[in-house]
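Q: Input: one structure, supplied below.
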Amino acid sequence: MSKATRGFLFPIVLMCLASSAWGYNDYGRDMGVKPLGKSQSEAASGDYGTEVGMKFGSALSNLALGWLEIPKTVLATTNQVNLGLGLSGGVVKGILHGIGRTLTGAVDMLTFPLPTQPIAEPQFVWQNFDEETHYNRAFQLKH
């Protein structure tokens with residue numbers, strides 16, 4: 001990898017990790033910080049800016065880190081079946097999940113002003129790294 005490529009990718013990956021971790025603890029759960037003047041249910045649902053910001057951060061991380069689906073899926077398949085199938089079928093499934101996560105990142109980037117449910121589950125590739133990714137319905141608005 002050339003110095004120019006590393007110099008370009010490093011800030012993007014760093015920005016993705018920083019923006020997606022904003023407001024979340026190590027396990028990806030909401031820290032439950034209650035804004036002043038709001039009820040508990042309003043604080044739990046999040047405001048528009050927080051939801052849109054999380055969607056934008058998720059889109060950035062999915063675009064930049066979709067390739068991490070390959071080792072994630074190899075690990076999950078190996079744990080579910082065996083090492084042989086994990087190394088062969090897990091790589092193929094990982095490539096497909098990587099394409100899927102990258103494409104959902106592109107869709108989320110284009111539609112980030114709309115507060116919708118995440119398409120890829122878990123929302124970030126590093127969450128539940130030992131479980132295979134699945135996909136929800138697209139464009140399902142949050143209530």
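Chains: A, B, ... in order of the structure tokens. Residues: from 1 per chain. Ligands: from 1, in order shown.
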Counting only C-alpha atoms, give me one row per residue of range 41-88 of chain A with an atom at most 12 Å from an atom of range 106-126 of chain A, showing the shortest contact pair and its distance in Å to one decimal, sorted by chain then residue number, as a tab-separated table.
A:
```
residue	atom	partner	partner_atom	distance
A:Ser45	CA	A:Pro115	CA	11.1
A:Gly46	CA	A:Pro115	CA	10.3
A:Asp47	CA	A:Pro115	CA	9.7
A:Tyr48	CA	A:Pro115	CA	7.1
A:Gly49	CA	A:Pro113	CA	9.1
A:Thr50	CA	A:Pro115	CA	9.4
A:Glu51	CA	A:Pro115	CA	6.0
A:Val52	CA	A:Pro115	CA	5.8
A:Gly53	CA	A:Phe112	CA	8.0
A:Met54	CA	A:Phe112	CA	8.9
A:Lys55	CA	A:Phe112	CA	5.8
A:Phe56	CA	A:Phe112	CA	5.7
A:Gly57	CA	A:Met109	CA	8.9
A:Ser58	CA	A:Phe124	CA	6.4
A:Ala59	CA	A:Met109	CA	5.2
A:Leu60	CA	A:Met109	CA	7.2
A:Ser61	CA	A:Phe124	CA	7.1
A:Asn62	CA	A:Phe124	CA	7.0
A:Leu63	CA	A:Ala106	CA	6.5
A:Ala64	CA	A:Ala106	CA	10.2
A:Leu65	CA	A:Val125	CA	7.3
A:Gly66	CA	A:Val125	CA	7.3
A:Trp67	CA	A:Val125	CA	9.3
A:Leu68	CA	A:Val125	CA	6.9
A:Glu69	CA	A:Val125	CA	6.9
A:Ile70	CA	A:Val125	CA	10.5
A:Pro71	CA	A:Val125	CA	10.6
A:Lys72	CA	A:Val125	CA	8.2
A:Thr73	CA	A:Val125	CA	10.5
```
Q: Run DSSP on the backbone and tell me which residues of range 63-113 of chain A come out as alpha helix (DSSP H); list them as a PDB file with C-alpha atoms, in the first residue's frame.
A:
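For reference, out-v3.pdb as written:
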```pdb
ATOM      1  CA  LEU A  63     -18.588   2.108   3.717  1.00  0.00           C
ATOM      2  CA  ALA A  64     -15.033   2.058   5.077  1.00  0.00           C
ATOM      3  CA  LEU A  65     -15.096  -1.202   7.034  1.00  0.00           C
ATOM      4  CA  GLU A  69     -17.289  -8.978   7.187  1.00  0.00           C
ATOM      5  CA  ILE A  70     -14.876 -11.519   5.666  1.00  0.00           C
ATOM      6  CA  PRO A  71     -12.983 -12.417   8.871  1.00  0.00           C
ATOM      7  CA  LYS A  72     -16.160 -11.930  10.920  1.00  0.00           C
ATOM      8  CA  THR A  73     -18.116 -14.436   8.804  1.00  0.00           C
ATOM      9  CA  VAL A  74     -15.207 -16.900   8.698  1.00  0.00           C
ATOM     10  CA  LEU A  75     -15.107 -16.827  12.499  1.00  0.00           C
ATOM     11  CA  ALA A  76     -18.887 -17.184  12.867  1.00  0.00           C
ATOM     12  CA  THR A  77     -19.095 -20.042  10.344  1.00  0.00           C
ATOM     13  CA  THR A  78     -16.153 -21.839  11.948  1.00  0.00           C
ATOM     14  CA  ASN A  79     -17.820 -21.584  15.356  1.00  0.00           C
ATOM     15  CA  GLN A  80     -21.156 -22.836  13.975  1.00  0.00           C
ATOM     16  CA  LEU A  83     -12.874 -25.051  10.364  1.00  0.00           C
ATOM     17  CA  GLY A  84     -12.998 -26.444   6.813  1.00  0.00           C
ATOM     18  CA  LEU A  85     -16.378 -24.939   6.024  1.00  0.00           C
ATOM     19  CA  GLY A  86     -15.445 -21.754   7.867  1.00  0.00           C
ATOM     20  CA  LEU A  87     -12.393 -21.225   5.682  1.00  0.00           C
ATOM     21  CA  SER A  88     -14.138 -22.063   2.406  1.00  0.00           C
ATOM     22  CA  GLY A  89     -17.810 -21.138   2.674  1.00  0.00           C
ATOM     23  CA  GLY A  90     -17.158 -18.473   5.299  1.00  0.00           C
ATOM     24  CA  VAL A  91     -14.942 -16.545   2.896  1.00  0.00           C
ATOM     25  CA  VAL A  92     -17.607 -16.616   0.175  1.00  0.00           C
ATOM     26  CA  LYS A  93     -20.360 -15.594   2.598  1.00  0.00           C
ATOM     27  CA  GLY A  94     -18.046 -12.948   4.060  1.00  0.00           C
ATOM     28  CA  ILE A  95     -17.459 -11.404   0.645  1.00  0.00           C
ATOM     29  CA  LEU A  96     -21.226 -11.304   0.045  1.00  0.00           C
ATOM     30  CA  HIS A  97     -21.854  -9.786   3.489  1.00  0.00           C
ATOM     31  CA  GLY A  98     -19.048  -7.283   2.872  1.00  0.00           C
ATOM     32  CA  ILE A  99     -20.721  -6.198  -0.366  1.00  0.00           C
ATOM     33  CA  GLY A 100     -24.076  -6.064   1.431  1.00  0.00           C
ATOM     34  CA  ARG A 101     -22.724  -3.975   4.318  1.00  0.00           C
ATOM     35  CA  THR A 102     -20.936  -1.599   1.942  1.00  0.00           C
ATOM     36  CA  LEU A 103     -24.081  -1.150  -0.148  1.00  0.00           C
ATOM     37  CA  THR A 104     -26.235  -0.544   2.935  1.00  0.00           C
ATOM     38  CA  GLY A 105     -23.635   2.034   3.987  1.00  0.00           C
ATOM     39  CA  ALA A 106     -24.070   3.758   0.627  1.00  0.00           C
ATOM     40  CA  VAL A 107     -27.863   3.725   0.983  1.00  0.00           C
ATOM     41  CA  ASP A 108     -27.617   5.081   4.533  1.00  0.00           C
ATOM     42  CA  MET A 109     -25.218   7.798   3.364  1.00  0.00           C
ATOM     43  CA  LEU A 110     -27.681   8.922   0.695  1.00  0.00           C
TER      44      LEU A 110
END
```
